[in-house]
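A.B. asks: Please read through the structure below; I'll follow up with questions.
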Amino acid sequence: MILFYNNYVDEFGTKKVKKFITVEYVQNIGLINKEPDEDKETKGKGGKGNGAEKPPIDILSIIEEKNKEEEEVGKLIEEFRIKVIEFYSYIKLDKKFIALKGKIDNAHFSQGEIYDDFIKIYKQIVLIKRNELGEFFIKESKDLINRLCDDFMKSLD
């Protein structure tokens with residue numbers, strides 16, 4: 001490009017450049033990109049504006065939706081907490097609770113044995129009290145049985 005410009009200047013004698021252009025070659029096709037003129041003022045889009053335009057994203061509606069979702073999650077958490085307390089009361093009423101409490105209090109039993117007994121009681125209570133506990137509690141607590149057992153042991157102290 002510079003060689004072409006130098007030849008042009010030598011041939012026609014003008015050294016004043018009015019516009020700079022760039023030529024890009026894509027698959028042997030020359031594409032010309034013009035640089036913007038510095039003489040012309042560009043209109044900015046910044047500032048406060050006249051307030052008539054509506055923003056493209058309504059942030060307040062997004063925040064309201066998030067708040068509604070958080071309220072629903074909060075309700076589910078509170079329901080789950082109530083069901084856990086209810087579940088612990090069912091364990092204390094179970095006939096195998098005395099044996100479980102004995103293993104918890106005695107240092108000779110391993111954590112694995114305590115978990116095994118707790119799982120047996122958990123399965124029995126879920127079968128008997130399915131309607132009272134609800135499907136949400138059963139589904140969410142399946143993976144948390146050991147954690148439920150640990151929390152139950154802490155609640156006994």
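Order determines the names: the first chain of the structure tokens is A, the second B, and so forth; residues in each chain are numbered 1 upward, and ligands are numbered 1 upward as they are shown.
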List the neighbours of A:Phe87 out to 12 Å using only C-alpha atoms; skip same-chain residues closer than 2 positions along the sequence, and give me the result as a PDB file with C-alpha atoms, in the first residue's frame.
C.D. replies:
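Generated output (selection01.pdb):
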ATOM      1  CA  PHE A  80     -37.841 -28.711  55.227  1.00  0.00           C
ATOM      2  CA  ARG A  81     -36.628 -27.537  58.649  1.00  0.00           C
ATOM      3  CA  ILE A  82     -40.048 -28.285  60.151  1.00  0.00           C
ATOM      4  CA  LYS A  83     -40.076 -31.733  58.531  1.00  0.00           C
ATOM      5  CA  VAL A  84     -36.606 -32.497  59.951  1.00  0.00           C
ATOM      6  CA  ILE A  85     -37.809 -31.633  63.458  1.00  0.00           C
ATOM      7  CA  SER A  89     -39.575 -36.687  66.921  1.00  0.00           C
ATOM      8  CA  TYR A  90     -40.625 -39.828  64.997  1.00  0.00           C
ATOM      9  CA  ILE A  91     -37.191 -41.343  65.643  1.00  0.00           C
ATOM     10  CA  LYS A  92     -37.523 -40.706  69.382  1.00  0.00           C
ATOM     11  CA  LEU A  93     -40.870 -42.531  69.342  1.00  0.00           C
ATOM     12  CA  ASP A  94     -39.479 -45.527  67.445  1.00  0.00           C
ATOM     13  CA  PHE A 118     -29.966 -44.717  61.624  1.00  0.00           C
ATOM     14  CA  ILE A 121     -34.820 -46.349  61.209  1.00  0.00           C
ATOM     15  CA  TYR A 122     -34.933 -43.704  58.445  1.00  0.00           C
ATOM     16  CA  LYS A 123     -36.236 -46.213  55.889  1.00  0.00           C
ATOM     17  CA  GLN A 124     -38.837 -47.559  58.311  1.00  0.00           C
ATOM     18  CA  ILE A 125     -40.130 -44.091  59.197  1.00  0.00           C
ATOM     19  CA  VAL A 126     -40.232 -43.037  55.529  1.00  0.00           C
ATOM     20  CA  ILE A 128     -44.745 -45.528  57.599  1.00  0.00           C
ATOM     21  CA  LYS A 129     -44.959 -41.707  57.639  1.00  0.00           C
ATOM     22  CA  ARG A 130     -44.629 -40.976  53.912  1.00  0.00           C
ATOM     23  CA  GLU A 132     -46.784 -36.749  56.888  1.00  0.00           C
ATOM     24  CA  LEU A 133     -43.181 -36.134  55.775  1.00  0.00           C
ATOM     25  CA  GLY A 134     -44.015 -35.356  52.151  1.00  0.00           C
ATOM     26  CA  PHE A 137     -38.493 -34.103  52.336  1.00  0.00           C
ATOM     27  CA  ILE A 138     -37.985 -37.695  51.204  1.00  0.00           C
ATOM     28  CA  SER A 141     -33.078 -36.165  52.485  1.00  0.00           C
ATOM     29  CA  ILE A 145     -28.919 -39.334  55.664  1.00  0.00           C
ATOM     30  CA  LEU A 148     -29.248 -36.017  59.362  1.00  0.00           C
ATOM     31  CA  CYS A 149     -27.710 -38.617  61.658  1.00  0.00           C
ATOM     32  CA  ASP A 151     -27.433 -33.457  63.402  1.00  0.00           C
ATOM     33  CA  PHE A 152     -29.642 -35.872  65.311  1.00  0.00           C
TER      34      PHE A 152
END
A.B. asks: Go through A:Tyr8, A:Met153, A:Leu144, A:Phe136 and flag the residue nearest A:Leu76, using only C-alpha atoms for the distances.
C.D. replies: A:Phe136
A.B. asks: Smallest atom-to-atom distance to A:Lys154: which of A:Glu79, A:Asp116, A:Glu70, A:Asp105, using only C-alpha atoms?
C.D. replies: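 Between A:Glu79, A:Asp116, A:Glu70, A:Asp105, the residue approaching A:Lys154 most closely is A:Asp105.
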A.B. asks: Considering only C-alpha atoms, state which residue in the set A:Leu156, A:Ile57, A:Ile63, A:Ile114 is at the smallest distance from A:Tyr88.
C.D. replies: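 Result for the nearest residue to A:Tyr88: A:Leu156.
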A.B. asks: Calculate how many Å separate atom CA of A:Arg147 from atom CA of A:Ile119, rounding to one decimal.
C.D. replies: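 Computing it gives 11.2 Å between the two atoms.
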A.B. asks: So what do you get for atom CA of A:Lys101 versus atom CA of A:Glu86, distance-wise?
C.D. replies: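 For atom CA of A:Lys101 relative to atom CA of A:Glu86, the distance reads 17.8 Å.
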A.B. asks: Distance atom CA of A:Glu78-atom CA of A:Ile62, one decimal place?
C.D. replies: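 These two atoms are separated by 24.4 Å.
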